[in-house]
Amino acid sequence: MGNNKEPIISLEKAFGLFCQGIALFGPFWDHFLEYWKASLERPDKILFLKYEDIKRDPSYYVKKLADFMGYPFSMKEKADCCVENIIEFCSFEKLSNLEVNKSGKLRGVTVDAEYPAKIFFRKGKIGDWKNHLTGDMANRLDRIIEEKLSGSGLKF
């Protein structure tokens, strides 16, 4: 945000650029596919998780992540609610309300600008995109993603 009142770029313009593969750090789907393919080739080194899956069953995925890292939860830790405590500690509500994320700044990577850290937090709700994108935008994005991920085995 330039002057903290108006976005530097409109959602429509940013969406158009994103659909063309123009985004900070390059085309999103290229990175997505690279990590997906790497996770298939080296499942012992790369764990591929989807936000929607984690939101649907956080307990399962916290345990899966601990196992992947080589630090599975003990029976005592499970009994002591460690998994639930981690889920609470790392919740969207908790992280978005940390002072650093409410008032901190991020320095631009490709432009000499500062952005408030809070721009990285909306609601953390699956499907909230419906409050921001039009039906046409959603259909366009669905077509692009279907084309880009075609044949990869990755499903949304």
# chains A, B, ... in the order shown; residues from 1 in each chain; ligands from 1
$ select_by_dssp --residues "chain A" --states "strand (DSSP E or B)" --output "VMD selection string"
chain A and resid 105 to 107 114 to 116
$ closest_residue --among "A:Val62, A:Val100, A:Leu149, A:Leu133" --to "Ile87 in chain A" --atoms "only C-alpha atoms"
A:Val62
$ residues_around --residues "Ile126 in chain A" --least-positions-apart "3" --cutoff "12 Å" --atoms "only C-alpha atoms" --output "ChimeraX atom specification"
/A:50-56,122-123,129-131
$ write_last_selection --atoms "all heavy atoms" --output "tab-separated table (two decimals), in the first residue's frame"
chain	number	residue	atom	x	y	z
A	50	LYS	N	-1.44	-28.93	1.35
A	50	LYS	CA	-2.36	-27.92	0.83
A	50	LYS	C	-3.12	-27.29	2.00
A	50	LYS	O	-3.56	-27.99	2.93
A	50	LYS	CB	-3.35	-28.54	-0.16
A	50	LYS	CG	-2.67	-29.01	-1.44
A	50	LYS	CD	-3.68	-29.41	-2.49
A	50	LYS	CE	-3.93	-30.90	-2.39
A	50	LYS	NZ	-4.86	-31.40	-3.39
A	51	TYR	N	-3.25	-25.98	1.93
A	51	TYR	CA	-3.91	-25.22	2.99
A	51	TYR	C	-5.30	-25.78	3.32
A	51	TYR	O	-5.65	-25.96	4.49
A	51	TYR	CB	-4.02	-23.75	2.57
A	51	TYR	CG	-4.63	-22.85	3.61
A	51	TYR	CD1	-3.89	-22.47	4.72
A	51	TYR	CD2	-5.94	-22.40	3.50
A	51	TYR	CE1	-4.43	-21.64	5.69
A	51	TYR	CE2	-6.50	-21.57	4.45
A	51	TYR	CZ	-5.73	-21.19	5.55
A	51	TYR	OH	-6.28	-20.38	6.50
A	52	GLU	N	-6.06	-26.08	2.29
A	52	GLU	CA	-7.42	-26.58	2.50
A	52	GLU	C	-7.42	-27.89	3.28
A	52	GLU	O	-8.28	-28.12	4.12
A	52	GLU	CB	-8.14	-26.76	1.15
A	52	GLU	CG	-8.45	-25.46	0.45
A	52	GLU	CD	-7.27	-24.89	-0.35
A	52	GLU	OE1	-6.14	-25.47	-0.31
A	52	GLU	OE2	-7.45	-23.84	-0.97
A	53	ASP	N	-6.45	-28.76	2.98
A	53	ASP	CA	-6.34	-30.03	3.70
A	53	ASP	C	-5.99	-29.79	5.17
A	53	ASP	O	-6.57	-30.42	6.07
A	53	ASP	CB	-5.29	-30.93	3.06
A	53	ASP	CG	-5.68	-31.39	1.66
A	53	ASP	OD1	-6.88	-31.35	1.31
A	53	ASP	OD2	-4.76	-31.79	0.91
A	54	ILE	N	-5.05	-28.89	5.40
A	54	ILE	CA	-4.64	-28.59	6.77
A	54	ILE	C	-5.82	-28.01	7.56
A	54	ILE	O	-6.05	-28.38	8.70
A	54	ILE	CB	-3.44	-27.63	6.80
A	54	ILE	CG1	-2.22	-28.31	6.15
A	54	ILE	CG2	-3.12	-27.19	8.22
A	54	ILE	CD1	-1.07	-27.35	5.86
A	55	LYS	N	-6.55	-27.10	6.93
A	55	LYS	CA	-7.71	-26.49	7.61
A	55	LYS	C	-8.78	-27.54	7.92
A	55	LYS	O	-9.43	-27.48	8.95
A	55	LYS	CB	-8.33	-25.38	6.74
A	55	LYS	CG	-7.55	-24.10	6.69
A	55	LYS	CD	-7.61	-23.33	7.97
A	55	LYS	CE	-8.93	-22.62	8.12
A	55	LYS	NZ	-8.99	-21.74	9.28
A	56	ARG	N	-8.94	-28.50	7.01
A	56	ARG	CA	-9.96	-29.53	7.17
A	56	ARG	C	-9.64	-30.48	8.33
A	56	ARG	O	-10.53	-30.91	9.06
A	56	ARG	CB	-10.09	-30.30	5.86
A	56	ARG	CG	-11.38	-31.01	5.67
A	56	ARG	CD	-11.58	-31.62	4.28
A	56	ARG	NE	-10.57	-31.43	3.26
A	56	ARG	CZ	-10.54	-30.44	2.37
A	56	ARG	NH1	-11.46	-29.51	2.38
A	56	ARG	NH2	-9.57	-30.37	1.46
A	122	ARG	N	-5.78	-12.03	5.42
A	122	ARG	CA	-7.16	-11.62	5.15
A	122	ARG	C	-8.01	-12.22	6.25
A	122	ARG	O	-8.07	-11.70	7.33
A	122	ARG	CB	-7.58	-12.08	3.76
A	122	ARG	CG	-7.15	-11.15	2.66
A	122	ARG	CD	-7.88	-11.36	1.34
A	122	ARG	NE	-8.62	-12.58	1.21
A	122	ARG	CZ	-8.28	-13.59	0.40
A	122	ARG	NH1	-7.23	-13.52	-0.36
A	122	ARG	NH2	-9.02	-14.67	0.34
A	123	LYS	N	-8.63	-13.37	5.95
A	123	LYS	CA	-9.47	-14.02	6.95
A	123	LYS	C	-9.03	-15.44	7.26
A	123	LYS	O	-9.41	-15.99	8.26
A	123	LYS	CB	-10.93	-14.04	6.47
A	123	LYS	CG	-11.55	-12.68	6.37
A	123	LYS	CD	-12.99	-12.78	5.93
A	123	LYS	CE	-13.58	-11.40	5.78
A	123	LYS	NZ	-14.93	-11.45	5.26
A	129	TRP	N	-12.29	-16.19	-1.23
A	129	TRP	CA	-12.02	-15.59	-2.54
A	129	TRP	C	-13.30	-15.09	-3.18
A	129	TRP	O	-13.29	-14.13	-3.95
A	129	TRP	CB	-11.30	-16.59	-3.45
A	129	TRP	CG	-12.11	-17.81	-3.76
A	129	TRP	CD1	-12.08	-19.00	-3.09
A	129	TRP	CD2	-13.07	-17.97	-4.80
A	129	TRP	NE1	-12.97	-19.90	-3.64
A	129	TRP	CE2	-13.60	-19.27	-4.69
A	129	TRP	CE3	-13.56	-17.14	-5.80
A	129	TRP	CZ2	-14.57	-19.77	-5.56
A	129	TRP	CZ3	-14.53	-17.63	-6.66
A	129	TRP	CH2	-15.02	-18.93	-6.54
A	130	LYS	N	-14.43	-15.73	-2.85
A	130	LYS	CA	-15.73	-15.34	-3.44
A	130	LYS	C	-16.10	-13.91	-3.08
A	130	LYS	O	-16.89	-13.28	-3.78
A	130	LYS	CB	-16.83	-16.29	-2.98
A	130	LYS	CG	-16.65	-17.69	-3.49
A	130	LYS	CD	-17.66	-18.64	-2.88
A	130	LYS	CE	-17.34	-20.06	-3.29
A	130	LYS	NZ	-18.08	-21.04	-2.53
A	131	ASN	N	-15.52	-13.39	-2.00
A	131	ASN	CA	-15.78	-12.02	-1.59
A	131	ASN	C	-14.88	-11.02	-2.30
A	131	ASN	O	-15.01	-9.81	-2.09
A	131	ASN	CB	-15.60	-11.87	-0.08
A	131	ASN	CG	-16.61	-12.69	0.68
A	131	ASN	OD1	-17.79	-12.71	0.34
A	131	ASN	ND2	-16.16	-13.40	1.69
$ residues_around --residues "Ala23 in chain A" --least-positions-apart "5" --cutoff "12 Å" --atoms "only C-alpha atoms" --output "PDB file with N, CA and C atoms, in the first residue's frame"
ATOM      1  N   LYS A  13      -6.067  -5.303 -11.924  1.00  0.00           N
ATOM      2  CA  LYS A  13      -4.765  -5.238 -12.593  1.00  0.00           C
ATOM      3  C   LYS A  13      -3.842  -6.346 -12.058  1.00  0.00           C
ATOM      4  N   ALA A  14      -3.790  -6.501 -10.741  1.00  0.00           N
ATOM      5  CA  ALA A  14      -2.959  -7.548 -10.134  1.00  0.00           C
ATOM      6  C   ALA A  14      -3.411  -8.928 -10.603  1.00  0.00           C
ATOM      7  N   PHE A  15      -4.712  -9.135 -10.695  1.00  0.00           N
ATOM      8  CA  PHE A  15      -5.248 -10.413 -11.158  1.00  0.00           C
ATOM      9  C   PHE A  15      -4.825 -10.685 -12.597  1.00  0.00           C
ATOM     10  N   GLY A  16      -4.936  -9.682 -13.448  1.00  0.00           N
ATOM     11  CA  GLY A  16      -4.528  -9.828 -14.845  1.00  0.00           C
ATOM     12  C   GLY A  16      -3.061 -10.196 -14.961  1.00  0.00           C
ATOM     13  N   LEU A  17      -2.214  -9.518 -14.199  1.00  0.00           N
ATOM     14  CA  LEU A  17      -0.779  -9.821 -14.214  1.00  0.00           C
ATOM     15  C   LEU A  17      -0.519 -11.239 -13.708  1.00  0.00           C
ATOM     16  N   PHE A  18      -1.198 -11.622 -12.635  1.00  0.00           N
ATOM     17  CA  PHE A  18      -1.044 -12.961 -12.074  1.00  0.00           C
ATOM     18  C   PHE A  18      -1.404 -14.017 -13.116  1.00  0.00           C
ATOM     19  N   PHE A  28       3.317 -18.387 -10.332  1.00  0.00           N
ATOM     20  CA  PHE A  28       2.915 -19.196  -9.186  1.00  0.00           C
ATOM     21  C   PHE A  28       2.870 -20.679  -9.532  1.00  0.00           C
ATOM     22  N   TRP A  29       2.208 -21.019 -10.620  1.00  0.00           N
ATOM     23  CA  TRP A  29       2.009 -22.436 -10.942  1.00  0.00           C
ATOM     24  C   TRP A  29       3.308 -23.134 -11.273  1.00  0.00           C
ATOM     25  N   ASP A  30       4.301 -22.427 -11.793  1.00  0.00           N
ATOM     26  CA  ASP A  30       5.599 -23.054 -12.041  1.00  0.00           C
ATOM     27  C   ASP A  30       6.227 -23.516 -10.725  1.00  0.00           C
ATOM     28  N   HIS A  31       6.187 -22.643  -9.723  1.00  0.00           N
ATOM     29  CA  HIS A  31       6.732 -23.009  -8.406  1.00  0.00           C
ATOM     30  C   HIS A  31       5.916 -24.147  -7.792  1.00  0.00           C
ATOM     31  N   VAL A 109      10.923  -6.417  -2.311  1.00  0.00           N
ATOM     32  CA  VAL A 109      12.020  -7.187  -2.876  1.00  0.00           C
ATOM     33  C   VAL A 109      12.432  -6.611  -4.227  1.00  0.00           C
ATOM     34  N   THR A 110      11.447  -6.311  -5.059  1.00  0.00           N
ATOM     35  CA  THR A 110      11.756  -5.833  -6.403  1.00  0.00           C
ATOM     36  C   THR A 110      11.581  -4.330  -6.550  1.00  0.00           C
TER      37      THR A 110
END
$ residues_around --residues "Lys37 in chain A" --least-positions-apart "4" --cutoff "10 Å" --atoms "only C-alpha atoms" --output "list in words"
His31, Phe32, Leu33, Glu41, Arg42, Pro43, Ile46, Phe48, Ser152, Gly153 and Leu154 of chain A
$ write_last_selection --atoms "all heavy atoms" --output "PDB file, in the first residue's frame"
ATOM      1  N   HIS A  31       6.187 -22.643  -9.723  1.00  0.00           N
ATOM      2  CA  HIS A  31       6.732 -23.009  -8.406  1.00  0.00           C
ATOM      3  C   HIS A  31       5.916 -24.147  -7.792  1.00  0.00           C
ATOM      4  O   HIS A  31       6.461 -25.083  -7.221  1.00  0.00           O
ATOM      5  CB  HIS A  31       6.734 -21.810  -7.465  1.00  0.00           C
ATOM      6  CG  HIS A  31       7.629 -20.711  -7.907  1.00  0.00           C
ATOM      7  ND1 HIS A  31       8.993 -20.881  -8.101  1.00  0.00           N
ATOM      8  CD2 HIS A  31       7.369 -19.414  -8.210  1.00  0.00           C
ATOM      9  CE1 HIS A  31       9.518 -19.747  -8.506  1.00  0.00           C
ATOM     10  NE2 HIS A  31       8.563 -18.843  -8.579  1.00  0.00           N
ATOM     11  N   PHE A  32       4.628 -24.035  -7.915  1.00  0.00           N
ATOM     12  CA  PHE A  32       3.725 -25.034  -7.372  1.00  0.00           C
ATOM     13  C   PHE A  32       4.052 -26.405  -7.951  1.00  0.00           C
ATOM     14  O   PHE A  32       4.214 -27.386  -7.220  1.00  0.00           O
ATOM     15  CB  PHE A  32       2.293 -24.615  -7.751  1.00  0.00           C
ATOM     16  CG  PHE A  32       1.244 -25.071  -6.810  1.00  0.00           C
ATOM     17  CD1 PHE A  32       1.127 -24.501  -5.559  1.00  0.00           C
ATOM     18  CD2 PHE A  32       0.353 -26.050  -7.185  1.00  0.00           C
ATOM     19  CE1 PHE A  32       0.136 -24.901  -4.693  1.00  0.00           C
ATOM     20  CE2 PHE A  32      -0.636 -26.461  -6.316  1.00  0.00           C
ATOM     21  CZ  PHE A  32      -0.745 -25.885  -5.072  1.00  0.00           C
ATOM     22  N   LEU A  33       4.166 -26.478  -9.276  1.00  0.00           N
ATOM     23  CA  LEU A  33       4.465 -27.741  -9.946  1.00  0.00           C
ATOM     24  C   LEU A  33       5.861 -28.258  -9.622  1.00  0.00           C
ATOM     25  O   LEU A  33       6.052 -29.464  -9.472  1.00  0.00           O
ATOM     26  CB  LEU A  33       4.317 -27.598 -11.462  1.00  0.00           C
ATOM     27  CG  LEU A  33       2.903 -27.769 -11.982  1.00  0.00           C
ATOM     28  CD1 LEU A  33       2.842 -27.481 -13.480  1.00  0.00           C
ATOM     29  CD2 LEU A  33       2.365 -29.159 -11.689  1.00  0.00           C
ATOM     30  N   GLU A  41       9.231 -37.091  -6.273  1.00  0.00           N
ATOM     31  CA  GLU A  41      10.546 -37.683  -6.491  1.00  0.00           C
ATOM     32  C   GLU A  41      11.298 -37.938  -5.187  1.00  0.00           C
ATOM     33  O   GLU A  41      12.064 -38.888  -5.086  1.00  0.00           O
ATOM     34  CB  GLU A  41      11.389 -36.767  -7.387  1.00  0.00           C
ATOM     35  CG  GLU A  41      10.870 -36.657  -8.804  1.00  0.00           C
ATOM     36  CD  GLU A  41      11.506 -35.515  -9.587  1.00  0.00           C
ATOM     37  OE1 GLU A  41      12.432 -34.850  -9.063  1.00  0.00           O
ATOM     38  OE2 GLU A  41      11.059 -35.284 -10.730  1.00  0.00           O
ATOM     39  N   ARG A  42      11.092 -37.063  -4.200  1.00  0.00           N
ATOM     40  CA  ARG A  42      11.828 -37.161  -2.928  1.00  0.00           C
ATOM     41  C   ARG A  42      10.884 -36.987  -1.745  1.00  0.00           C
ATOM     42  O   ARG A  42      10.991 -36.024  -0.990  1.00  0.00           O
ATOM     43  CB  ARG A  42      12.924 -36.102  -2.878  1.00  0.00           C
ATOM     44  CG  ARG A  42      13.822 -36.184  -4.093  1.00  0.00           C
ATOM     45  CD  ARG A  42      15.269 -36.050  -3.936  1.00  0.00           C
ATOM     46  NE  ARG A  42      15.879 -36.483  -2.720  1.00  0.00           N
ATOM     47  CZ  ARG A  42      16.842 -35.808  -2.118  1.00  0.00           C
ATOM     48  NH1 ARG A  42      17.273 -34.674  -2.600  1.00  0.00           N
ATOM     49  NH2 ARG A  42      17.397 -36.262  -1.028  1.00  0.00           N
ATOM     50  N   PRO A  43       9.951 -37.910  -1.565  1.00  0.00           N
ATOM     51  CA  PRO A  43       8.969 -37.761  -0.484  1.00  0.00           C
ATOM     52  C   PRO A  43       9.589 -37.763   0.914  1.00  0.00           C
ATOM     53  O   PRO A  43       8.961 -37.312   1.867  1.00  0.00           O
ATOM     54  CB  PRO A  43       8.031 -38.950  -0.681  1.00  0.00           C
ATOM     55  CG  PRO A  43       8.819 -39.942  -1.481  1.00  0.00           C
ATOM     56  CD  PRO A  43       9.778 -39.139  -2.317  1.00  0.00           C
ATOM     57  N   ILE A  46      10.724 -33.711   0.863  1.00  0.00           N
ATOM     58  CA  ILE A  46       9.771 -32.634   0.590  1.00  0.00           C
ATOM     59  C   ILE A  46       8.361 -33.118   0.888  1.00  0.00           C
ATOM     60  O   ILE A  46       7.882 -34.084   0.281  1.00  0.00           O
ATOM     61  CB  ILE A  46       9.872 -32.145  -0.873  1.00  0.00           C
ATOM     62  CG1 ILE A  46      11.282 -31.611  -1.124  1.00  0.00           C
ATOM     63  CG2 ILE A  46       8.810 -31.083  -1.167  1.00  0.00           C
ATOM     64  CD1 ILE A  46      11.584 -31.287  -2.555  1.00  0.00           C
ATOM     65  N   PHE A  48       4.552 -32.096   0.685  1.00  0.00           N
ATOM     66  CA  PHE A  48       3.666 -31.175  -0.024  1.00  0.00           C
ATOM     67  C   PHE A  48       2.323 -31.155   0.699  1.00  0.00           C
ATOM     68  O   PHE A  48       1.644 -32.173   0.796  1.00  0.00           O
ATOM     69  CB  PHE A  48       3.480 -31.658  -1.470  1.00  0.00           C
ATOM     70  CG  PHE A  48       2.833 -30.657  -2.363  1.00  0.00           C
ATOM     71  CD1 PHE A  48       3.597 -29.778  -3.102  1.00  0.00           C
ATOM     72  CD2 PHE A  48       1.458 -30.591  -2.471  1.00  0.00           C
ATOM     73  CE1 PHE A  48       3.009 -28.847  -3.940  1.00  0.00           C
ATOM     74  CE2 PHE A  48       0.858 -29.663  -3.300  1.00  0.00           C
ATOM     75  CZ  PHE A  48       1.633 -28.783  -4.034  1.00  0.00           C
ATOM     76  N   SER A 152      -0.291 -33.551 -14.234  1.00  0.00           N
ATOM     77  CA  SER A 152       0.644 -33.611 -13.099  1.00  0.00           C
ATOM     78  C   SER A 152       0.182 -34.568 -11.995  1.00  0.00           C
ATOM     79  O   SER A 152       0.974 -34.972 -11.163  1.00  0.00           O
ATOM     80  CB  SER A 152       0.823 -32.212 -12.486  1.00  0.00           C
ATOM     81  OG  SER A 152      -0.378 -31.805 -11.829  1.00  0.00           O
ATOM     82  N   GLY A 153      -1.109 -34.886 -12.003  1.00  0.00           N
ATOM     83  CA  GLY A 153      -1.659 -35.696 -10.915  1.00  0.00           C
ATOM     84  C   GLY A 153      -2.080 -34.888  -9.709  1.00  0.00           C
ATOM     85  O   GLY A 153      -2.671 -35.408  -8.774  1.00  0.00           O
ATOM     86  N   LEU A 154      -1.795 -33.597  -9.729  1.00  0.00           N
ATOM     87  CA  LEU A 154      -2.149 -32.707  -8.623  1.00  0.00           C
ATOM     88  C   LEU A 154      -3.595 -32.275  -8.793  1.00  0.00           C
ATOM     89  O   LEU A 154      -3.995 -31.798  -9.846  1.00  0.00           O
ATOM     90  CB  LEU A 154      -1.221 -31.500  -8.615  1.00  0.00           C
ATOM     91  CG  LEU A 154      -1.403 -30.483  -7.501  1.00  0.00           C
ATOM     92  CD1 LEU A 154      -1.281 -31.137  -6.137  1.00  0.00           C
ATOM     93  CD2 LEU A 154      -0.368 -29.383  -7.638  1.00  0.00           C
TER      94      LEU A 154
END
$ residues_around --residues "range 101-104 of chain A" --least-positions-apart "5" --cutoff "10 Å" --atoms "only C-alpha atoms" --output "ChimeraX atom specification"
/A:95-96,114-121
$ atom_distance --atom1 "CA of Glu84 in chain A" --atom2 "CA of Ala66 in chain A"
13.2 Å
$ closest_residue --among "A:Leu11, A:Lys63, A:Gly135, A:Lys155" --to "Met75 in chain A" --atoms "only C-alpha atoms"
A:Lys63
$ atom_distance --atom1 "CA of Ser10 in chain A" --atom2 "CA of Asp142 in chain A"
20.6 Å
$ select_by_dssp --residues "chain A" --states "helix (DSSP H, G or I)" --output "MDAnalysis selection string"
chainID A and resid 11:19 28:41 51:56 58:68 75:79 82:89 92:96 99:103 117:120 128:131 135:149
$ write_last_selection --atoms "C-alpha atoms" --output "PDB file, in the first residue's frame"
ATOM      1  CA  LEU A  11      -7.146  -6.089  -7.711  1.00  0.00           C
ATOM      2  CA  GLU A  12      -8.206  -6.295 -11.344  1.00  0.00           C
ATOM      3  CA  LYS A  13      -4.765  -5.238 -12.593  1.00  0.00           C
ATOM      4  CA  ALA A  14      -2.959  -7.548 -10.134  1.00  0.00           C
ATOM      5  CA  PHE A  15      -5.248 -10.413 -11.158  1.00  0.00           C
ATOM      6  CA  GLY A  16      -4.528  -9.828 -14.845  1.00  0.00           C
ATOM      7  CA  LEU A  17      -0.779  -9.821 -14.214  1.00  0.00           C
ATOM      8  CA  PHE A  18      -1.044 -12.961 -12.074  1.00  0.00           C
ATOM      9  CA  CYS A  19      -2.945 -14.753 -14.850  1.00  0.00           C
ATOM     10  CA  PHE A  28       2.915 -19.196  -9.186  1.00  0.00           C
ATOM     11  CA  TRP A  29       2.009 -22.436 -10.942  1.00  0.00           C
ATOM     12  CA  ASP A  30       5.599 -23.054 -12.041  1.00  0.00           C
ATOM     13  CA  HIS A  31       6.732 -23.009  -8.406  1.00  0.00           C
ATOM     14  CA  PHE A  32       3.725 -25.034  -7.372  1.00  0.00           C
ATOM     15  CA  LEU A  33       4.465 -27.741  -9.946  1.00  0.00           C
ATOM     16  CA  GLU A  34       8.176 -27.782  -9.155  1.00  0.00           C
ATOM     17  CA  TYR A  35       7.471 -28.499  -5.495  1.00  0.00           C
ATOM     18  CA  TRP A  36       4.767 -31.027  -6.350  1.00  0.00           C
ATOM     19  CA  LYS A  37       7.079 -32.950  -8.687  1.00  0.00           C
ATOM     20  CA  ALA A  38       9.965 -32.741  -6.216  1.00  0.00           C
ATOM     21  CA  SER A  39       7.709 -34.101  -3.461  1.00  0.00           C
ATOM     22  CA  LEU A  40       6.882 -37.096  -5.658  1.00  0.00           C
ATOM     23  CA  GLU A  41      10.546 -37.683  -6.491  1.00  0.00           C
ATOM     24  CA  TYR A  51      -3.912 -25.218   2.994  1.00  0.00           C
ATOM     25  CA  GLU A  52      -7.420 -26.580   2.496  1.00  0.00           C
ATOM     26  CA  ASP A  53      -6.343 -30.030   3.698  1.00  0.00           C
ATOM     27  CA  ILE A  54      -4.643 -28.593   6.774  1.00  0.00           C
ATOM     28  CA  LYS A  55      -7.709 -26.491   7.608  1.00  0.00           C
ATOM     29  CA  ARG A  56      -9.960 -29.531   7.174  1.00  0.00           C
ATOM     30  CA  PRO A  58      -5.250 -29.799  11.394  1.00  0.00           C
ATOM     31  CA  SER A  59      -4.562 -32.514  13.972  1.00  0.00           C
ATOM     32  CA  TYR A  60      -3.764 -35.103  11.306  1.00  0.00           C
ATOM     33  CA  TYR A  61      -1.414 -32.741   9.452  1.00  0.00           C
ATOM     34  CA  VAL A  62       0.415 -31.518  12.567  1.00  0.00           C
ATOM     35  CA  LYS A  63       1.127 -35.165  13.393  1.00  0.00           C
ATOM     36  CA  LYS A  64       2.096 -35.867   9.781  1.00  0.00           C
ATOM     37  CA  LEU A  65       4.501 -32.913   9.798  1.00  0.00           C
ATOM     38  CA  ALA A  66       6.060 -34.050  13.081  1.00  0.00           C
ATOM     39  CA  ASP A  67       6.519 -37.570  11.674  1.00  0.00           C
ATOM     40  CA  PHE A  68       8.017 -36.163   8.465  1.00  0.00           C
ATOM     41  CA  MET A  75       1.916 -40.994  23.711  1.00  0.00           C
ATOM     42  CA  LYS A  76       2.510 -38.620  26.641  1.00  0.00           C
ATOM     43  CA  GLU A  77       2.675 -35.584  24.332  1.00  0.00           C
ATOM     44  CA  LYS A  78      -0.560 -36.674  22.684  1.00  0.00           C
ATOM     45  CA  ALA A  79      -2.168 -37.163  26.101  1.00  0.00           C
ATOM     46  CA  CYS A  82       0.541 -30.978  22.604  1.00  0.00           C
ATOM     47  CA  VAL A  83      -1.000 -31.341  19.144  1.00  0.00           C
ATOM     48  CA  GLU A  84      -3.982 -29.176  20.093  1.00  0.00           C
ATOM     49  CA  ASN A  85      -1.679 -26.609  21.720  1.00  0.00           C
ATOM     50  CA  ILE A  86       0.413 -26.353  18.556  1.00  0.00           C
ATOM     51  CA  ILE A  87      -2.720 -25.932  16.454  1.00  0.00           C
ATOM     52  CA  GLU A  88      -3.883 -23.112  18.730  1.00  0.00           C
ATOM     53  CA  PHE A  89      -0.443 -21.487  18.905  1.00  0.00           C
ATOM     54  CA  PHE A  92      -4.548 -17.887  11.867  1.00  0.00           C
ATOM     55  CA  GLU A  93      -6.205 -15.880  14.628  1.00  0.00           C
ATOM     56  CA  LYS A  94      -3.150 -16.079  16.880  1.00  0.00           C
ATOM     57  CA  LEU A  95      -0.603 -15.303  14.136  1.00  0.00           C
ATOM     58  CA  SER A  96      -2.608 -12.491  12.558  1.00  0.00           C
ATOM     59  CA  GLU A  99       1.967  -7.259  17.186  1.00  0.00           C
ATOM     60  CA  VAL A 100       4.671  -7.781  14.554  1.00  0.00           C
ATOM     61  CA  ASN A 101       2.033  -8.849  12.030  1.00  0.00           C
ATOM     62  CA  LYS A 102      -0.304  -6.003  12.930  1.00  0.00           C
ATOM     63  CA  SER A 103       2.236  -3.177  12.882  1.00  0.00           C
ATOM     64  CA  ALA A 117       2.862  -7.035   7.256  1.00  0.00           C
ATOM     65  CA  LYS A 118      -0.898  -7.190   7.790  1.00  0.00           C
ATOM     66  CA  ILE A 119      -1.465  -7.282   4.011  1.00  0.00           C
ATOM     67  CA  PHE A 120      -0.545 -10.976   4.148  1.00  0.00           C
ATOM     68  CA  ASP A 128     -13.220 -16.233   1.008  1.00  0.00           C
ATOM     69  CA  TRP A 129     -12.015 -15.591  -2.537  1.00  0.00           C
ATOM     70  CA  LYS A 130     -15.726 -15.340  -3.438  1.00  0.00           C
ATOM     71  CA  ASN A 131     -15.782 -12.016  -1.590  1.00  0.00           C
ATOM     72  CA  GLY A 135     -17.319 -15.247 -11.287  1.00  0.00           C
ATOM     73  CA  ASP A 136     -15.495 -14.453 -14.525  1.00  0.00           C
ATOM     74  CA  MET A 137     -12.205 -14.058 -12.659  1.00  0.00           C
ATOM     75  CA  ALA A 138     -12.726 -17.378 -10.880  1.00  0.00           C
ATOM     76  CA  ASN A 139     -13.552 -19.155 -14.134  1.00  0.00           C
ATOM     77  CA  ARG A 140     -10.487 -17.689 -15.830  1.00  0.00           C
ATOM     78  CA  LEU A 141      -8.249 -18.768 -12.978  1.00  0.00           C
ATOM     79  CA  ASP A 142      -9.794 -22.263 -12.934  1.00  0.00           C
ATOM     80  CA  ARG A 143      -9.088 -22.655 -16.667  1.00  0.00           C
ATOM     81  CA  ILE A 144      -5.487 -21.493 -16.285  1.00  0.00           C
ATOM     82  CA  ILE A 145      -4.801 -23.758 -13.324  1.00  0.00           C
ATOM     83  CA  GLU A 146      -6.435 -26.726 -15.053  1.00  0.00           C
ATOM     84  CA  GLU A 147      -4.221 -26.113 -18.098  1.00  0.00           C
ATOM     85  CA  LYS A 148      -1.034 -25.574 -16.068  1.00  0.00           C
ATOM     86  CA  LEU A 149      -1.536 -28.583 -13.776  1.00  0.00           C
TER      87      LEU A 149
END
$ atom_distance --atom1 "CA of Ser91 in chain A" --atom2 "CA of Asp57 in chain A"
12.9 Å
